[in-house]
file run.txt (compact mmCIF, C-alpha atoms)
# COMPACT_ATOMS: atom_id res chain seq x y z
CA MET A 227 7.71 4.43 19.52
CA LYS A 228 5.45 1.45 18.81
CA VAL A 229 6.61 -1.64 16.89
CA VAL A 230 4.67 -4.78 15.93
CA ALA A 231 5.78 -7.60 13.64
CA LYS A 232 4.65 -10.95 12.31
CA THR A 233 5.95 -13.58 9.90
CA ASP A 234 4.09 -16.53 8.41
CA LYS A 235 5.06 -19.22 5.91
CA GLY A 236 1.84 -18.68 3.97
CA LEU A 237 -0.43 -21.38 2.61
CA VAL A 238 1.75 -22.86 -0.14
CA ARG A 239 5.41 -22.93 0.91
CA GLU A 240 6.65 -25.77 3.13
CA ASN A 241 9.00 -23.56 5.13
CA ASN A 242 9.57 -19.91 5.92
CA GLN A 243 12.64 -18.35 4.30
CA ASP A 244 11.77 -14.88 5.62
CA ALA A 245 13.48 -13.57 8.75
CA TYR A 246 13.17 -10.39 10.76
CA SER A 247 14.22 -8.68 13.96
CA VAL A 248 13.05 -5.51 15.71
CA GLY A 249 14.12 -3.60 18.78
CA GLU A 250 14.50 -0.33 20.62
CA LEU A 251 17.56 1.82 21.23
CA PRO A 252 18.28 4.57 23.80
CA GLY A 253 16.30 7.76 23.30
CA GLU A 254 13.06 6.11 22.14
CA VAL A 255 14.58 4.95 18.88
CA ALA A 256 13.16 1.94 17.02
CA TRP A 257 14.89 -0.30 14.50
CA ALA A 258 13.86 -3.20 12.29
CA VAL A 259 15.30 -5.47 9.62
CA VAL A 260 13.36 -7.73 7.24
CA CYS A 261 14.93 -10.28 4.88
CA ASP A 262 13.54 -12.67 2.26
CA GLY A 263 15.91 -15.54 1.49
CA MET A 264 16.47 -17.25 -1.84
CA GLY A 265 18.51 -20.17 -3.13
CA GLY A 266 16.60 -23.30 -2.18
CA ALA A 267 14.96 -24.23 1.10
CA ALA A 268 18.15 -24.55 3.14
CA GLY A 269 20.11 -21.78 1.45
CA GLY A 270 17.33 -19.20 1.57
CA ASN A 271 16.66 -19.78 5.24
CA ILE A 272 20.36 -19.65 6.13
CA ALA A 273 20.95 -16.47 4.12
CA SER A 274 18.04 -14.53 5.61
CA THR A 275 18.69 -15.71 9.17
CA LEU A 276 22.40 -14.90 8.99
CA ALA A 277 21.81 -11.50 7.41
CA VAL A 278 19.27 -10.51 10.07
CA LYS A 279 21.66 -11.62 12.82
CA VAL A 280 24.61 -9.64 11.46
CA ILE A 281 22.60 -6.48 10.75
CA SER A 282 20.85 -6.59 14.12
CA GLU A 283 24.11 -7.00 16.01
CA LYS A 284 25.73 -4.16 14.07
CA ILE A 285 22.85 -1.76 14.73
CA THR A 286 22.52 -2.53 18.43
CA SER A 287 26.25 -2.45 19.13
CA CYS A 288 27.20 0.64 17.10
CA TYR A 289 24.26 3.04 17.48
CA ASN A 290 24.58 5.95 19.89
CA GLU A 291 22.25 8.84 20.69
CA LYS A 292 24.66 11.52 19.44
CA MET A 293 24.81 10.17 15.90
CA ARG A 294 24.14 12.63 13.11
CA ASP A 295 21.82 11.72 10.24
CA ALA A 296 24.77 10.88 7.98
CA SER A 297 26.21 8.58 10.65
CA ILE A 298 22.94 6.63 10.90
CA LYS A 299 22.96 6.18 7.12
CA ASN A 300 26.56 4.96 7.34
CA LEU A 301 25.61 2.56 10.13
CA LEU A 302 22.91 0.94 7.99
CA ASP A 303 25.29 0.82 5.06
CA SER A 304 28.04 -0.88 7.07
CA ALA A 305 25.56 -3.32 8.64
CA ILE A 306 24.26 -4.50 5.28
CA THR A 307 27.78 -4.61 3.84
CA ALA A 308 28.92 -6.78 6.76
CA ALA A 309 25.95 -9.11 6.19
CA ASN A 310 26.80 -9.34 2.51
CA ILE A 311 30.34 -10.45 3.31
CA GLU A 312 29.15 -13.08 5.81
CA VAL A 313 26.55 -14.60 3.47
CA PHE A 314 28.82 -14.50 0.43
CA ASP A 315 31.69 -16.14 2.33
CA MET A 316 29.43 -18.88 3.71
CA ALA A 317 28.09 -19.69 0.25
CA TYR A 318 31.64 -19.78 -1.13
CA ALA A 319 32.80 -22.12 1.65
CA HIS A 320 29.87 -24.51 1.22
CA PRO A 321 29.18 -25.47 -2.42
CA GLU A 322 25.75 -26.82 -1.54
CA LEU A 323 24.76 -23.26 -0.60
CA SER A 324 26.07 -21.70 -3.80
CA GLY A 325 23.70 -19.06 -5.14
CA MET A 326 21.99 -18.33 -1.86
CA GLY A 327 21.15 -14.76 -0.98
CA THR A 328 18.52 -12.56 0.56
CA THR A 329 16.73 -9.30 0.01
CA VAL A 330 16.84 -6.75 2.83
CA VAL A 331 14.96 -3.71 3.99
CA CYS A 332 15.90 -2.16 7.30
CA ALA A 333 15.14 1.04 9.18
CA ILE A 334 16.12 3.15 12.15
CA VAL A 335 13.43 5.56 13.34
CA ARG A 336 14.50 8.44 15.55
CA GLY A 337 11.91 11.05 16.45
CA SER A 338 10.13 11.98 13.23
CA ASP A 339 12.98 10.76 11.01
CA ALA A 340 12.96 7.31 9.42
CA PHE A 341 16.24 6.15 7.88
CA ILE A 342 15.75 3.26 5.46
CA ALA A 343 18.17 1.07 3.50
CA HIS A 344 17.32 -1.76 1.13
CA ALA A 345 18.48 -4.12 -1.59
CA GLY A 346 16.06 -6.28 -3.57
CA ASP A 347 12.27 -6.20 -3.66
CA SER A 348 11.35 -6.18 0.02
CA ARG A 349 9.69 -2.81 0.52
CA ALA A 350 9.02 0.11 2.84
CA TYR A 351 5.74 2.05 2.78
CA LEU A 352 4.55 5.17 4.56
CA VAL A 353 0.88 4.85 5.49
CA SER A 354 -1.61 7.35 6.92
CA LYS A 355 -5.40 7.25 7.25
CA ASN A 356 -5.96 8.62 3.77
CA ASN A 357 -2.78 7.80 1.90
CA ILE A 358 -0.14 5.16 1.20
CA SER A 359 3.16 5.78 -0.55
CA GLN A 360 5.88 3.31 -1.48
CA ILE A 361 9.22 4.62 -0.22
CA THR A 362 11.57 2.06 -1.73
CA THR A 363 11.99 1.16 -5.39
CA ASP A 364 12.35 -2.53 -6.24
CA HIS A 365 15.70 -3.72 -7.48
CA SER A 366 14.24 -6.12 -10.03
CA MET A 367 14.29 -6.89 -13.73
CA VAL A 368 10.68 -5.80 -14.12
CA GLN A 369 11.24 -2.50 -12.29
CA ASP A 370 14.16 -1.81 -14.62
CA MET A 371 11.80 -2.39 -17.56
CA VAL A 372 9.33 0.06 -16.05
CA ASN A 373 12.08 2.64 -15.53
CA LYS A 374 13.08 2.32 -19.20
CA GLY A 375 9.47 2.71 -20.36
CA GLU A 376 9.36 -0.79 -21.84
CA ILE A 377 6.30 -1.80 -19.81
CA THR A 378 3.74 0.01 -17.67
CA VAL A 379 3.35 -0.23 -13.90
CA LEU A 380 0.11 -2.15 -14.48
CA GLN A 381 1.86 -4.65 -16.77
CA ALA A 382 4.62 -5.05 -14.19
CA GLU A 383 2.18 -6.30 -11.55
CA ASN A 384 1.57 -9.58 -13.39
CA HIS A 385 4.78 -9.92 -15.39
CA PRO A 386 6.19 -13.50 -15.47
CA ASN A 387 9.65 -12.23 -14.47
CA LYS A 388 8.37 -10.16 -11.58
CA ASN A 389 10.37 -12.04 -8.95
CA ILE A 390 13.78 -11.80 -10.66
CA ILE A 391 15.75 -9.39 -8.50
CA THR A 392 18.89 -7.49 -9.49
CA ARG A 393 20.38 -6.83 -6.04
CA ALA A 394 20.61 -9.05 -2.97
CA ILE A 395 22.80 -9.76 0.03
CA GLY A 396 25.35 -12.52 -0.52
CA VAL A 397 25.17 -12.92 -4.29
CA GLU A 398 28.27 -10.86 -5.16
CA LYS A 399 31.32 -9.63 -3.26
CA GLN A 400 30.02 -6.06 -3.36
CA ILE A 401 26.47 -4.86 -2.78
CA ASP A 402 24.85 -1.65 -3.98
CA ILE A 403 22.61 -0.31 -1.22
CA GLU A 404 19.88 2.27 -1.71
CA HIS A 405 19.01 4.73 1.07
CA ASP A 406 15.92 6.80 1.83
CA GLN A 407 15.05 9.26 4.59
CA VAL A 408 11.44 10.23 5.23
CA GLU A 409 9.45 12.06 7.88
CA LEU A 410 7.26 9.88 10.09
CA ASN A 411 4.50 11.97 11.66
CA LYS A 412 2.23 11.10 14.58
CA ASP A 413 -0.60 9.80 12.39
CA GLU A 414 1.64 7.76 10.09
CA THR A 415 2.99 4.21 10.11
CA LEU A 416 6.13 2.83 8.52
CA ILE A 417 5.60 -0.63 7.03
CA LEU A 418 8.50 -2.94 6.15
CA CYS A 419 7.51 -6.12 4.31
CA THR A 420 8.51 -8.92 1.97
CA ASP A 421 6.94 -9.59 -1.41
CA GLY A 422 4.75 -12.25 0.15
CA LEU A 423 2.63 -9.30 1.22
CA THR A 424 2.93 -6.99 -1.77
CA ASN A 425 2.30 -9.73 -4.36
CA PHE A 426 -0.99 -10.65 -2.72
CA VAL A 427 -2.28 -7.43 -1.14
CA SER A 428 -2.80 -4.21 -3.07
CA ALA A 429 -1.55 -0.90 -1.70
CA GLU A 430 -5.15 0.28 -1.35
CA ASP A 431 -6.10 -2.78 0.72
CA MET A 432 -3.01 -2.27 2.87
CA LYS A 433 -4.11 1.29 3.58
CA ASN A 434 -7.68 0.26 4.37
CA ASP A 435 -6.59 -2.54 6.71
CA ILE A 436 -4.62 -0.17 8.93
CA SER A 437 -6.58 3.08 8.58
CA ASP A 438 -8.15 2.87 12.06
CA GLY A 439 -4.88 3.58 13.88
CA GLN A 440 -4.92 0.40 15.98
CA TYR A 441 -1.22 -0.19 15.36
CA TYR A 442 -0.98 -3.32 17.53
CA ALA A 443 -3.16 -5.19 15.01
CA PHE A 444 -1.49 -3.97 11.81
CA ALA A 445 1.01 -6.78 11.20
CA ASP A 446 -1.49 -9.52 12.03
CA ARG A 447 -4.17 -8.01 9.79
CA LEU A 448 -1.89 -7.69 6.79
CA VAL A 449 -0.56 -11.23 7.12
CA LYS A 450 -4.13 -12.54 7.34
CA ARG A 451 -5.10 -10.52 4.27
CA ALA A 452 -2.20 -12.00 2.25
CA ASN A 453 -3.24 -15.52 3.28
CA LYS A 454 -6.87 -14.79 2.47
CA ASN A 455 -5.76 -13.75 -1.02
CA GLY A 456 -3.88 -17.00 -1.64
CA GLY A 457 -0.87 -16.98 0.68
CA GLY A 458 1.40 -18.09 -2.15
CA ASP A 459 4.62 -17.00 -0.45
CA ASN A 460 6.16 -16.38 2.96
CA ILE A 461 4.85 -13.16 4.48
CA THR A 462 6.61 -10.81 6.87
CA VAL A 463 5.33 -7.44 8.08
CA VAL A 464 6.82 -4.93 10.51
CA ALA A 465 4.85 -1.81 11.48
CA ILE A 466 6.46 1.15 13.26
CA ALA A 467 4.27 3.98 14.53
CA ASN A 468 5.46 7.20 16.15

call {"tool": "encode", "arguments": {"input": "run.txt", "output": "C-alpha cells"}}
result
Amino acid sequence: MKVVAKTDKGLVRENNQDAYSVGELPGEVAWAVVCDGMGGAAGGNIASTLAVKVISEKITSCYNEKMRDASIKNLLDSAITAANIEVFDMAYAHPELSGMGTTVVCAIVRGSDAFIAHAGDSRAYLVSKNNISQITTDHSMVQDMVNKGEITVLQAENHPNKNIITRAIGVEKQIDIEHDQVELNKDETLILCTDGLTNFVSAEDMKNDISDGQYYAFADRLVKRANKNGGGDNITVVAIAN
C-alpha cells in the first residue's frame, strides 16, 4: 500500500485550517483522515487539528486484522462520533470558539476494499488512467439544491452559496455520517481532499495530473495545480494506491 500526502495554506489565506494524518496498520492496511476547519482562524484550526487527533487515535488503537467489513464501518463511525463530541464540548466550554467545526473525510484501505466515511464537502475520488469518479456526495446547501432539481451541476460549480455546508464535526451534539465502500484495483488511486483542491482544479485536470501512475508525485502535483489556478483556499491532498 502506497500513501502520499501534502497540505498547503494556498496563496490567499494567512493560515492553514486544514489538517490530516495518514498511517499504516498490520496486514498492509492504510488509513487516512482529512479535515477542513471552519469558525475563524483560531477555531477552524483547533477544530480540524482536534478532530484529526481523535480520529487517528481511535483508528490506530481499535483496528485489528480480524475485523469484518461491518466492523471497519463501525470503527470509522465511532471515530468520527468521538471527534464530534470532543470538538462540540470544547466549543461549548470556550465561548470564543463558539461555532467552530470541521469537515471530515477518512478512509481505511484493506486489500482491494476502501472504506470511506465523511461529513461536509471534503471529498473522496477514485482515479484511474482513463477515468475519475467522485465517491462522496457533498453535504452542502448547493448539493441539496442539485438533488432537488432546483439547479444544475454546472450552475452549482459557481453558485455563491457553494461553501455553505450542512454537516460538520462539532457543530451539533449529533452528527450524521455517510459511508461508502468501493473497490480499489491495482491501477487505481484513492484521493481524499479538501475543497481547496476541488474548487480550483477540475476533475478532468485531476485525472490528467496523475494519469502516469507515479503515485509519489500525486499529492504535490495536485497542490501545485490548485495554487497555479489561484490558490484561494487551504489545500490538502492524500493519495492512496494499491

call {"tool": "residues_around", "arguments": {"input": "run.txt", "residues": "range 416-428 of chain A", "least_positions_apart": "3", "cutoff": "7 Å", "atoms": "all atoms listed in the file", "output": "list in words"}}
result
Val260, Asp262, Val331, Asp347, Ser348, Arg349, Ala350, Tyr351, Leu352, Val353, Asp431, Met432, Val449, Arg451, Ala452, Asn455, Asp459, Asn460, Ile461, Thr462, Val463, Val464, Ala465, Ile466 and Ala467 of chain A

call {"tool": "residues_around", "arguments": {"input": "run.txt", "residues": "range 305-316 of chain A", "least_positions_apart": "5", "cutoff": "6 Å", "atoms": "all atoms listed in the file", "output": "list in words"}}
result
Ala273, Ala277, Val280, Ile281, Lys284, Ile395 and Gly396 of chain A

call {"tool": "residues_around", "arguments": {"input": "run.txt", "residues": "Ala317 in chain A", "least_positions_apart": "4", "cutoff": "12 Å", "atoms": "only C-alpha atoms", "output": "list in words"}}
result
Gly265, Ala268, Gly269, Gly270, Ile272, Ala273, Leu276, Asn310, Ile311, Glu312, Val313, Pro321, Glu322, Leu323, Ser324, Gly325, Met326, Gly327, Thr328, Ile395, Gly396, Val397, Glu398 and Lys399 of chain A

call {"tool": "write_last_selection", "arguments": {"input": "run.txt", "atoms": "C-alpha atoms", "output": "PDB file, in the frame of the given file"}}
result
ATOM      1  CA  GLY A 265      18.510 -20.170  -3.130  1.00  0.00           C
ATOM      2  CA  ALA A 268      18.150 -24.550   3.140  1.00  0.00           C
ATOM      3  CA  GLY A 269      20.110 -21.780   1.450  1.00  0.00           C
ATOM      4  CA  GLY A 270      17.330 -19.200   1.570  1.00  0.00           C
ATOM      5  CA  ILE A 272      20.360 -19.650   6.130  1.00  0.00           C
ATOM      6  CA  ALA A 273      20.950 -16.470   4.120  1.00  0.00           C
ATOM      7  CA  LEU A 276      22.400 -14.900   8.990  1.00  0.00           C
ATOM      8  CA  ASN A 310      26.800  -9.340   2.510  1.00  0.00           C
ATOM      9  CA  ILE A 311      30.340 -10.450   3.310  1.00  0.00           C
ATOM     10  CA  GLU A 312      29.150 -13.080   5.810  1.00  0.00           C
ATOM     11  CA  VAL A 313      26.550 -14.600   3.470  1.00  0.00           C
ATOM     12  CA  PRO A 321      29.180 -25.470  -2.420  1.00  0.00           C
ATOM     13  CA  GLU A 322      25.750 -26.820  -1.540  1.00  0.00           C
ATOM     14  CA  LEU A 323      24.760 -23.260  -0.600  1.00  0.00           C
ATOM     15  CA  SER A 324      26.070 -21.700  -3.800  1.00  0.00           C
ATOM     16  CA  GLY A 325      23.700 -19.060  -5.140  1.00  0.00           C
ATOM     17  CA  MET A 326      21.990 -18.330  -1.860  1.00  0.00           C
ATOM     18  CA  GLY A 327      21.150 -14.760  -0.980  1.00  0.00           C
ATOM     19  CA  THR A 328      18.520 -12.560   0.560  1.00  0.00           C
ATOM     20  CA  ILE A 395      22.800  -9.760   0.030  1.00  0.00           C
ATOM     21  CA  GLY A 396      25.350 -12.520  -0.520  1.00  0.00           C
ATOM     22  CA  VAL A 397      25.170 -12.920  -4.290  1.00  0.00           C
ATOM     23  CA  GLU A 398      28.270 -10.860  -5.160  1.00  0.00           C
ATOM     24  CA  LYS A 399      31.320  -9.630  -3.260  1.00  0.00           C
TER      25      LYS A 399
END

call {"tool": "residues_near_point", "arguments": {"input": "run.txt", "point": "(16.0, 7.8, 2.9)", "cutoff": "7 Å", "atoms": "only C-alpha atoms", "output": "short mmCIF file (atom, residue, chain, number, x, y, z; two decimals) with C-alpha atoms, in the coordinates of the input"}}
result
data_model
loop_
_atom_site.label_atom_id
_atom_site.label_comp_id
_atom_site.auth_asym_id
_atom_site.auth_seq_id
_atom_site.Cartn_x
_atom_site.Cartn_y
_atom_site.Cartn_z
CA PHE A 341 16.24 6.15 7.88
CA ILE A 342 15.75 3.26 5.46
CA HIS A 405 19.01 4.73 1.07
CA ASP A 406 15.92 6.80 1.83
CA GLN A 407 15.05 9.26 4.59
CA VAL A 408 11.44 10.23 5.23
#

call {"tool": "residues_around", "arguments": {"input": "run.txt", "residues": "Asp413 in chain A", "least_positions_apart": "4", "cutoff": "12 Å", "atoms": "all atoms listed in the file", "output": "ChimeraX atom specification"}}
result
/A:338,352-357,409,436-441,466-468

call {"tool": "axis_aligned_box", "arguments": {"input": "run.txt", "around": "range 376-395 of chain A", "padding_each_side": "4 Å", "output": "AutoDock Vina command-line options"}}
result
--center_x 11.5 --center_y -6.7 --center_z -10.9 --size_x 30.7 --size_y 21.5 --size_z 29.9

call {"tool": "atom_distance", "arguments": {"input": "run.txt", "atom1": "CA of His344 in chain A", "atom2": "CA of Cys261 in chain A"}}
result
9.6 Å

call {"tool": "atom_distance", "arguments": {"input": "run.txt", "atom1": "CA of Tyr246 in chain A", "atom2": "CA of Val259 in chain A"}}
result
5.5 Å

call {"tool": "atom_distance", "arguments": {"input": "run.txt", "atom1": "CA of Met264 in chain A", "atom2": "CA of Ile377 in chain A"}}
result
25.8 Å

call {"tool": "residues_around", "arguments": {"input": "run.txt", "residues": "Pro252 in chain A", "least_positions_apart": "5", "cutoff": "9 Å", "atoms": "all atoms listed in the file", "output": "list in words"}}
result
Tyr289, Asn290 and Glu291 of chain A

call {"tool": "closest_residue", "arguments": {"input": "run.txt", "among": "A:Glu430, A:Glu283, A:Asp435, A:Glu414", "to": "Met227 in chain A", "atoms": "only C-alpha atoms"}}
result
A:Glu414

call {"tool": "closest_residue", "arguments": {"input": "run.txt", "among": "A:Arg393, A:Lys454, A:Lys232, A:Arg336", "to": "Ser247 in chain A", "atoms": "all atoms listed in the file"}}
result
A:Lys232

call {"tool": "closest_residue", "arguments": {"input": "run.txt", "among": "A:Thr275, A:Ala258, A:Val229, A:Thr392", "to": "Gln243 in chain A", "atoms": "all atoms listed in the file"}}
result
A:Thr275

call {"tool": "closest_residue", "arguments": {"input": "run.txt", "among": "A:Ala333, A:Leu302, A:Met293, A:Leu237", "to": "Glu250 in chain A", "atoms": "only C-alpha atoms"}}
result
A:Ala333

call {"tool": "decode", "arguments": {"input": "run.txt", "residues": "range 381-456 of chain A", "atoms": "C-alpha atoms", "output": "compact mmCIF listing (two decimals), in the first residue's frame"}}
result
# COMPACT_ATOMS: atom_id res chain seq x y z
CA GLN A 381 -24.74 26.01 -12.04
CA ALA A 382 -23.62 24.53 -8.73
CA GLU A 383 -19.94 24.92 -9.61
CA ASN A 384 -20.10 28.72 -9.39
CA HIS A 385 -23.04 29.20 -7.03
CA PRO A 386 -22.48 31.98 -4.42
CA ASN A 387 -23.56 29.64 -1.60
CA LYS A 388 -21.30 26.82 -2.70
CA ASN A 389 -19.32 26.74 0.55
CA ILE A 390 -22.29 26.55 2.94
CA ILE A 391 -22.16 23.03 4.34
CA THR A 392 -24.98 21.15 6.05
CA ARG A 393 -22.96 18.64 8.09
CA ALA A 394 -19.73 19.06 10.05
CA ILE A 395 -17.92 17.76 13.10
CA GLY A 396 -18.54 19.80 16.26
CA VAL A 397 -21.47 21.94 15.17
CA GLU A 398 -24.23 19.88 16.82
CA LYS A 399 -24.38 17.24 19.55
CA GLN A 400 -25.12 14.53 16.99
CA ILE A 401 -23.52 14.05 13.59
CA ASP A 402 -24.93 12.24 10.57
CA ILE A 403 -22.11 10.32 8.88
CA GLU A 404 -22.23 8.96 5.35
CA HIS A 405 -20.38 5.76 4.43
CA ASP A 406 -19.12 4.34 1.14
CA GLN A 407 -17.28 1.16 0.22
CA VAL A 408 -15.53 0.85 -3.14
CA GLU A 409 -13.08 -1.49 -4.82
CA LEU A 410 -9.55 -0.16 -5.25
CA ASN A 411 -7.77 -2.05 -8.03
CA LYS A 412 -4.05 -2.15 -8.83
CA ASP A 413 -4.23 0.63 -11.42
CA GLU A 414 -6.41 2.93 -9.33
CA THR A 415 -5.76 5.65 -6.76
CA LEU A 416 -7.97 6.86 -3.94
CA ILE A 417 -7.81 10.63 -3.47
CA LEU A 418 -9.00 12.35 -0.30
CA CYS A 419 -9.03 16.15 -0.44
CA THR A 420 -10.45 19.41 0.85
CA ASP A 421 -12.38 21.91 -1.24
CA GLY A 422 -9.23 23.96 -1.66
CA LEU A 423 -8.43 21.43 -4.36
CA THR A 424 -11.85 20.78 -5.86
CA ASN A 425 -12.81 24.47 -6.09
CA PHE A 426 -9.71 25.24 -8.13
CA VAL A 427 -8.94 22.05 -10.06
CA SER A 428 -11.42 20.31 -12.33
CA ALA A 429 -11.95 16.57 -12.14
CA GLU A 430 -10.51 16.22 -15.64
CA ASP A 431 -7.33 18.08 -14.68
CA MET A 432 -7.03 15.94 -11.56
CA LYS A 433 -7.18 12.81 -13.71
CA ASN A 434 -4.64 14.14 -16.19
CA ASP A 435 -2.19 15.19 -13.47
CA ILE A 436 -1.99 11.68 -12.03
CA SER A 437 -2.55 9.52 -15.12
CA ASP A 438 1.10 8.43 -15.41
CA GLY A 439 0.98 6.23 -12.30
CA GLN A 440 3.84 7.98 -10.48
CA TYR A 441 1.94 7.92 -7.21
CA TYR A 442 4.71 9.54 -5.14
CA ALA A 443 4.18 12.80 -7.04
CA PHE A 444 0.37 12.87 -6.98
CA ALA A 445 -0.25 14.99 -3.88
CA ASP A 446 2.45 17.52 -4.75
CA ARG A 447 1.21 17.88 -8.33
CA LEU A 448 -2.39 18.48 -7.33
CA VAL A 449 -1.47 21.06 -4.69
CA LYS A 450 0.70 22.88 -7.23
CA ARG A 451 -2.14 22.81 -9.76
CA ALA A 452 -4.57 24.36 -7.23
CA ASN A 453 -2.07 27.12 -6.46
CA LYS A 454 -1.44 27.71 -10.15
CA ASN A 455 -5.18 28.19 -10.59
CA GLY A 456 -5.40 30.83 -7.86
